[in-house]
$ cat data07.txt   # compact mmCIF, C-alpha atoms
# COMPACT_ATOMS: atom_id res chain seq x y z
CA MET A 210 -0.22 -17.08 -2.38
CA ARG A 211 0.36 -17.59 -6.11
CA VAL A 212 0.99 -14.48 -8.22
CA PRO A 213 1.86 -13.94 -11.91
CA LEU A 214 5.56 -14.34 -12.67
CA ASN A 215 5.95 -10.74 -13.91
CA ARG A 216 4.56 -9.48 -10.60
CA ALA A 217 6.85 -11.80 -8.65
CA LEU A 218 9.87 -10.46 -10.52
CA SER A 219 8.88 -6.86 -9.91
CA LYS A 220 8.59 -7.58 -6.20
CA LEU A 221 12.30 -8.42 -6.18
CA GLY A 222 12.89 -4.75 -6.95
CA ILE A 223 15.05 -5.52 -10.00
CA LEU A 224 12.58 -4.81 -12.82
CA SER A 225 9.32 -2.96 -13.23
CA ARG A 226 6.30 -5.08 -14.12
CA ALA A 227 6.54 -3.99 -17.78
CA GLN A 228 10.28 -4.76 -17.92
CA ALA A 229 9.65 -8.14 -16.29
CA THR A 230 7.01 -8.95 -18.90
CA GLU A 231 9.45 -8.20 -21.72
CA ALA A 232 12.22 -10.25 -20.10
CA ILE A 233 9.93 -13.23 -19.59
CA ARG A 234 8.65 -13.18 -23.18
CA ALA A 235 12.26 -12.96 -24.40
CA GLY A 236 13.09 -16.22 -22.61
CA ARG A 237 15.43 -14.57 -20.09
CA VAL A 238 13.67 -15.87 -16.99
CA ARG A 239 13.91 -19.30 -15.40
CA VAL A 240 11.71 -20.71 -12.65
CA GLY A 241 13.22 -23.69 -10.86
CA GLY A 242 15.82 -23.97 -13.63
CA ARG A 243 13.25 -24.04 -16.45
CA ILE A 244 12.66 -21.18 -18.90
CA VAL A 245 9.16 -19.75 -18.58
CA ASP A 246 7.97 -17.35 -21.29
CA ASP A 247 4.46 -16.67 -20.00
CA PRO A 248 4.26 -13.51 -17.82
CA ALA A 249 0.99 -14.78 -16.32
CA HIS A 250 2.54 -18.07 -15.14
CA LEU A 251 1.59 -18.41 -11.48
CA VAL A 252 4.28 -18.90 -8.82
CA VAL A 253 4.59 -18.70 -5.06
CA PRO A 254 7.51 -16.24 -4.74
CA GLU A 255 8.59 -17.58 -1.35
CA ARG A 256 8.82 -21.16 -2.64
CA VAL A 257 10.51 -20.96 -6.04
CA ARG A 258 13.93 -20.05 -7.36
CA ILE A 259 13.71 -17.32 -10.01
CA ALA A 260 16.68 -16.45 -12.23
CA LEU A 261 17.08 -13.57 -14.69
CA ASP A 262 19.67 -14.15 -17.43
CA GLU A 263 20.68 -17.29 -15.47
CA ALA A 264 21.67 -15.18 -12.46
CA PRO A 265 19.64 -16.12 -9.36
CA GLN A 266 17.80 -13.15 -7.92
CA VAL A 267 18.67 -12.89 -4.25
CA ARG A 268 15.60 -12.04 -2.22
CA ALA A 269 15.90 -8.85 -0.23
CA GLN A 270 16.18 -9.24 3.52
CA TRP A 271 12.92 -8.94 5.47
CA ARG A 272 12.01 -5.33 6.04
CA THR A 273 8.92 -3.25 6.69
CA ILE A 274 8.84 0.53 6.94
CA LEU A 275 6.17 3.08 7.86
CA LEU A 276 6.23 6.21 5.70
CA HIS A 277 4.37 9.49 6.12
CA LYS A 278 3.44 9.82 2.45
CA PRO A 279 3.42 13.48 1.40
CA ARG A 280 0.65 14.92 -0.75
CA GLY A 281 1.55 15.18 -4.41
CA VAL A 282 3.57 11.97 -4.75
CA VAL A 283 2.31 8.77 -6.35
CA THR A 284 2.36 5.28 -4.85
CA THR A 285 4.30 3.51 -7.55
CA ARG A 286 7.89 2.48 -8.15
CA ARG A 287 8.29 4.36 -11.44
CA ASP A 288 5.97 6.96 -12.92
CA PRO A 289 5.82 7.30 -16.73
CA GLU A 290 4.86 10.97 -16.32
CA GLY A 291 7.97 11.67 -14.28
CA ARG A 292 6.11 12.59 -11.09
CA ASP A 293 7.71 12.08 -7.68
CA THR A 294 7.00 8.67 -6.15
CA VAL A 295 7.01 7.34 -2.59
CA PHE A 296 10.29 5.59 -3.41
CA ASP A 297 11.87 8.96 -4.21
CA ALA A 298 10.75 10.10 -0.76
CA ILE A 299 12.39 7.11 0.91
CA GLY A 300 15.70 7.35 -0.90
CA GLU A 301 18.08 4.73 -2.28
CA ASP A 302 17.62 1.90 0.22
CA VAL A 303 14.34 0.52 -1.18
CA ARG A 304 15.35 -2.84 -2.68
CA GLY A 305 12.53 -5.36 -2.50
CA LEU A 306 10.09 -3.00 -0.80
CA ASN A 307 6.55 -2.81 -2.16
CA ALA A 308 3.73 -0.56 -1.03
CA VAL A 309 0.94 -2.24 0.91
CA GLY A 310 -2.06 -0.93 -0.97
CA ARG A 311 -2.09 2.60 -2.30
CA LEU A 312 -2.88 6.14 -1.33
CA ASP A 313 -3.86 8.40 -4.23
CA ARG A 314 -1.67 11.33 -5.17
CA ALA A 315 -3.69 13.90 -3.22
CA THR A 316 -3.83 11.80 -0.04
CA SER A 317 -1.16 11.93 2.65
CA GLY A 318 -0.45 9.85 5.72
CA LEU A 319 0.47 6.38 6.84
CA LEU A 320 1.76 4.06 4.12
CA LEU A 321 3.40 0.70 4.77
CA LEU A 322 6.07 -0.75 2.49
CA THR A 323 7.37 -4.28 2.98
CA THR A 324 9.35 -7.11 1.43
CA ASP A 325 6.89 -9.60 2.98
CA SER A 326 4.37 -10.34 0.21
CA GLN A 327 2.41 -12.84 2.32
CA PHE A 328 1.82 -10.21 5.00
CA ALA A 329 0.95 -7.55 2.41
CA ASN A 330 -1.61 -9.80 0.73
CA TRP A 331 -3.27 -10.62 4.05
CA ILE A 332 -3.75 -7.10 5.36
CA THR A 333 -5.05 -5.76 2.04
CA ASP A 334 -7.60 -8.57 1.67
CA PRO A 335 -11.03 -6.98 2.42
CA ALA A 336 -12.13 -10.27 3.99
CA ASN A 337 -9.78 -9.60 6.92
CA GLY A 338 -11.37 -6.24 7.71
CA VAL A 339 -8.21 -4.39 8.76
CA ALA A 340 -9.22 -0.95 10.07
CA ARG A 341 -7.94 2.24 8.47
CA VAL A 342 -8.59 5.62 10.09
CA TYR A 343 -8.57 8.89 8.12
CA VAL A 344 -8.78 12.56 9.07
CA VAL A 345 -10.97 14.22 6.44
CA THR A 346 -11.86 17.78 5.45
CA VAL A 347 -14.79 18.35 3.06
CA ARG A 348 -16.41 21.43 1.55
CA GLY A 349 -19.63 22.58 3.20
CA ARG A 350 -21.50 21.48 6.30
CA VAL A 351 -21.94 17.78 7.04
CA SER A 352 -24.98 17.17 9.25
CA ASP A 353 -25.83 14.33 11.59
CA ALA A 354 -28.41 13.23 9.03
CA ASP A 355 -25.67 13.07 6.36
CA ILE A 356 -23.52 10.90 8.62
CA GLU A 357 -26.40 8.47 9.18
CA ARG A 358 -26.56 7.96 5.41
CA LEU A 359 -22.90 6.97 5.17
CA ASP A 360 -21.83 3.35 5.52
CA ALA A 361 -18.83 3.98 7.78
CA GLU A 362 -17.79 4.75 11.34
CA ILE A 363 -17.62 8.56 11.39
CA THR A 364 -16.97 11.16 14.07
CA LEU A 365 -17.77 14.78 13.26
CA ARG A 366 -15.17 17.09 14.80
CA LYS A 367 -16.29 20.46 13.45
CA ALA A 368 -18.80 21.75 10.91
CA SER A 369 -19.45 25.14 9.39
CA GLY A 370 -20.94 26.48 6.21
CA ARG A 371 -17.48 26.57 4.66
CA GLU A 372 -16.11 23.13 5.59
CA SER A 373 -16.41 20.14 7.90
CA HIS A 374 -13.75 18.09 9.68
CA LEU A 375 -14.31 14.40 10.36
CA VAL A 376 -12.61 11.18 11.41
CA VAL A 377 -13.55 8.15 9.29
CA GLN A 378 -12.82 4.48 9.95
CA LEU A 379 -13.09 1.97 7.11
CA ARG A 380 -12.31 -1.73 6.82
CA ARG A 381 -12.60 -2.51 3.12
CA GLY A 382 -9.72 -0.55 1.56
CA LYS A 383 -11.39 0.06 -1.82
CA ASN A 384 -9.93 2.51 -4.32
CA ARG A 385 -10.86 6.15 -3.50
CA GLU A 386 -13.34 4.83 -0.93
CA VAL A 387 -13.35 7.91 1.32
CA ARG A 388 -13.73 10.33 -1.59
CA ARG A 389 -16.55 8.28 -3.12
CA LEU A 390 -18.26 8.08 0.27
CA PHE A 391 -18.60 11.86 0.52
CA GLU A 392 -19.38 12.30 -3.16
CA GLY A 393 -22.49 10.28 -2.36
CA ILE A 394 -23.79 13.15 -0.18
CA GLY A 395 -22.58 15.90 -2.49
CA ARG A 396 -19.47 16.83 -0.53
CA GLU A 397 -16.00 17.24 -2.04
CA VAL A 398 -13.02 16.02 -0.03
CA THR A 399 -10.37 18.75 0.04
CA ARG A 400 -7.88 17.12 2.40
CA LEU A 401 -7.40 13.47 3.31
CA LYS A 402 -4.85 11.93 5.64
CA ARG A 403 -4.55 8.33 6.89
CA VAL A 404 -3.47 8.28 10.53
CA THR A 405 -3.76 4.61 11.51
CA PHE A 406 -3.59 1.25 9.74
CA GLY A 407 -4.54 -1.70 11.93
CA GLY A 408 -2.62 -1.24 15.16
CA LEU A 409 0.00 1.10 13.68
CA GLU A 410 -0.20 4.89 14.08
CA LEU A 411 1.39 7.66 12.02
CA GLY A 412 2.50 9.39 15.21
CA SER A 413 4.82 12.38 14.96
CA LEU A 414 6.40 11.57 11.58
CA GLU A 415 6.50 14.57 9.29
CA PRO A 416 5.65 14.27 5.56
CA GLY A 417 8.45 12.38 3.82
CA GLN A 418 9.82 10.89 7.06
CA TRP A 419 9.79 7.16 7.66
CA ARG A 420 10.90 4.54 10.19
CA ASP A 421 11.53 0.81 10.26
CA VAL A 422 8.91 -1.46 11.83
CA SER A 423 10.15 -4.61 13.58
CA ARG A 424 8.51 -8.04 13.34
CA THR A 425 7.61 -7.73 17.03
CA GLU A 426 5.80 -4.42 16.48
CA LEU A 427 4.07 -5.78 13.39
CA ARG A 428 2.91 -8.88 15.23
CA ALA A 429 1.43 -6.72 18.00
CA ALA A 430 -0.29 -4.45 15.47
CA PHE A 431 -1.66 -7.30 13.31
CA PRO A 432 -1.89 -10.34 15.64
CA GLU A 433 -3.68 -12.56 13.09
CA ALA A 434 -1.55 -11.71 10.05
CA PRO A 435 1.04 -14.14 8.67
CA ILE A 436 4.49 -12.56 9.03
CA SER A 437 7.57 -14.21 7.53
CA GLY A 438 9.99 -15.33 10.22
CA CYS A 439 7.33 -15.30 12.97
CA SER A 440 5.89 -18.51 14.35

$ encode --input "data07.txt" --output "structure tokens"
Amino acid sequence: MRVPLNRALSKLGILSRAQATEAIRAGRVRVGGRIVDDPAHLVVPERVRIALDEAPQVRAQWRTILLHKPRGVVTTRRDPEGRDTVFDAIGEDVRGLNAVGRLDRATSGLLLLTTDSQFANWITDPANGVARVYVVTVRGRVSDADIERLDAEITLRKASGRESHLVVQLRRGKNREVRRLFEGIGREVTRLKRVTFGGLELGSLEPGQWRDVSRTELRAAFPEAPISGCS
């Protein structure tokens, strides 16, 4: 899949997207030995040689991790407001890793990070309908009639006048989709946690904990997805 050159550079984990844009415009970046000064120039990261200041950027080894994202951290590499990020939660060994989609700051749960851009692009493409399951708490009582109005697979666990607890499965992965879903019936989401993504489960990981995911496990969890190094 072709992506803008500034995005391709940021995926190497060397520069942020903004820094990559500046470096490209300054003539510091070569693609296949030729200087390219357009940040929007499209490349296939897996098929081209990119050099910054004439030093080839060595691609990070293949790696995918599953993180229990804590509430209150943002899904970005660097935050201009100085807030904690998911990369702070992981620690120093994050070279080349990029989050697969995003969870907003107030949402916790299963977040994948990978160096495999082809895999990441496939599972976040709404056309592939990868299932995501969330445990949700909302203010007020959600009735069976409310659930029938919602365009999602929903199981009501508990409902009272104060709050309701539900399990929601979605396949589109749109921004703030769960929160918008309940806003449509006048209910505010007070707690949101993703517990599965495709065939992967959060399991017993505590907030801030993470583990490596092997190619074999990833292939079993996403049998139709392209995974680098798997035939």

$ residues_around --input "data07.txt" --residues "A:Thr346" --least-positions-apart "5" --cutoff "10 Å" --atoms "all atoms listed in the file" --output "PyMOL selection string"
chain A and resi 366-368+372-376+396-402

$ closest_residue --input "data07.txt" --among "A:Pro432, A:Gly417, A:Gly395, A:Gly241" --to "A:Gly300" --atoms "only C-alpha atoms"
A:Gly417

$ atom_distance --input "data07.txt" --atom1 "atom CA of A:Val245" --atom2 "atom CA of A:Ile233"
6.6 Å

$ residues_around --input "data07.txt" --residues "A:Glu386" --least-positions-apart "2" --cutoff "12 Å" --atoms "only C-alpha atoms" --output "PyMOL selection string"
chain A and resi 311-313+316+341+343+359-361+377-384+388-393+398+401

$ residues_near_point --input "data07.txt" --point "(2.7, -16.2, -14.9)" --cutoff "12 Å" --atoms "all atoms listed in the file" --output "short mmCIF file (atom, residue, chain, number, x, y, z; two decimals) with C-alpha atoms, keeping the file's coordinate frame"
data_model
loop_
_atom_site.label_atom_id
_atom_site.label_comp_id
_atom_site.auth_asym_id
_atom_site.auth_seq_id
_atom_site.Cartn_x
_atom_site.Cartn_y
_atom_site.Cartn_z
CA ARG A 211 0.36 -17.59 -6.11
CA VAL A 212 0.99 -14.48 -8.22
CA PRO A 213 1.86 -13.94 -11.91
CA LEU A 214 5.56 -14.34 -12.67
CA ASN A 215 5.95 -10.74 -13.91
CA ARG A 216 4.56 -9.48 -10.60
CA ALA A 217 6.85 -11.80 -8.65
CA LEU A 218 9.87 -10.46 -10.52
CA ARG A 226 6.30 -5.08 -14.12
CA ALA A 229 9.65 -8.14 -16.29
CA THR A 230 7.01 -8.95 -18.90
CA ILE A 233 9.93 -13.23 -19.59
CA ARG A 234 8.65 -13.18 -23.18
CA VAL A 238 13.67 -15.87 -16.99
CA ARG A 239 13.91 -19.30 -15.40
CA VAL A 240 11.71 -20.71 -12.65
CA ILE A 244 12.66 -21.18 -18.90
CA VAL A 245 9.16 -19.75 -18.58
CA ASP A 246 7.97 -17.35 -21.29
CA ASP A 247 4.46 -16.67 -20.00
CA PRO A 248 4.26 -13.51 -17.82
CA ALA A 249 0.99 -14.78 -16.32
CA HIS A 250 2.54 -18.07 -15.14
CA LEU A 251 1.59 -18.41 -11.48
CA VAL A 252 4.28 -18.90 -8.82
CA VAL A 253 4.59 -18.70 -5.06
CA PRO A 254 7.51 -16.24 -4.74
#

$ residues_near_point --input "data07.txt" --point "(-3.1, -2.0, -0.3)" --cutoff "6 Å" --atoms "only C-alpha atoms" --output "MDAnalysis selection string"
chainID A and resid 309:311 333

$ residues_around --input "data07.txt" --residues "A:His277" --least-positions-apart "6" --cutoff "9 Å" --atoms "all atoms listed in the file" --output "list in words"
Ser317, Gly318, Leu319, Leu320, Leu321, Leu411, Leu414, Glu415, Pro416, Gly417, Gln418 and Trp419 of chain A

$ axis_aligned_box --input "data07.txt" --around "stretch 386-391 of chain A" --padding-each-side "5 Å" --output "lines of an AutoDock Vina configuration file"
center_x = -16.0
center_y = 8.3
center_z = -0.9
size_x = 15.3
size_y = 17.0
size_z = 14.4

$ residues_around --input "data07.txt" --residues "A:Ala430" --least-positions-apart "2" --cutoff "8 Å" --atoms "only C-alpha atoms" --output "PyMOL selection string"
chain A and resi 407-409+426-428+432

$ atom_distance --input "data07.txt" --atom1 "atom CA of A:Gln327" --atom2 "atom CA of A:Glu433"
12.4 Å

$ closest_residue --input "data07.txt" --among "A:Val345, A:Ser352, A:Asp421, A:Ala308" --to "A:Thr323" --atoms "only C-alpha atoms"
A:Ala308

$ atom_distance --input "data07.txt" --atom1 "atom CA of A:Gly349" --atom2 "atom CA of A:Gly370"
5.1 Å

$ closest_residue --input "data07.txt" --among "A:Ala329, A:Leu306, A:Leu261, A:Ala429" --to "A:Gln228" --atoms "all atoms listed in the file"
A:Leu261

$ closest_residue --input "data07.txt" --among "A:Ser225, A:Thr364, A:Ser437, A:Gln270" --to "A:Arg286" --atoms "all atoms listed in the file"
A:Ser225
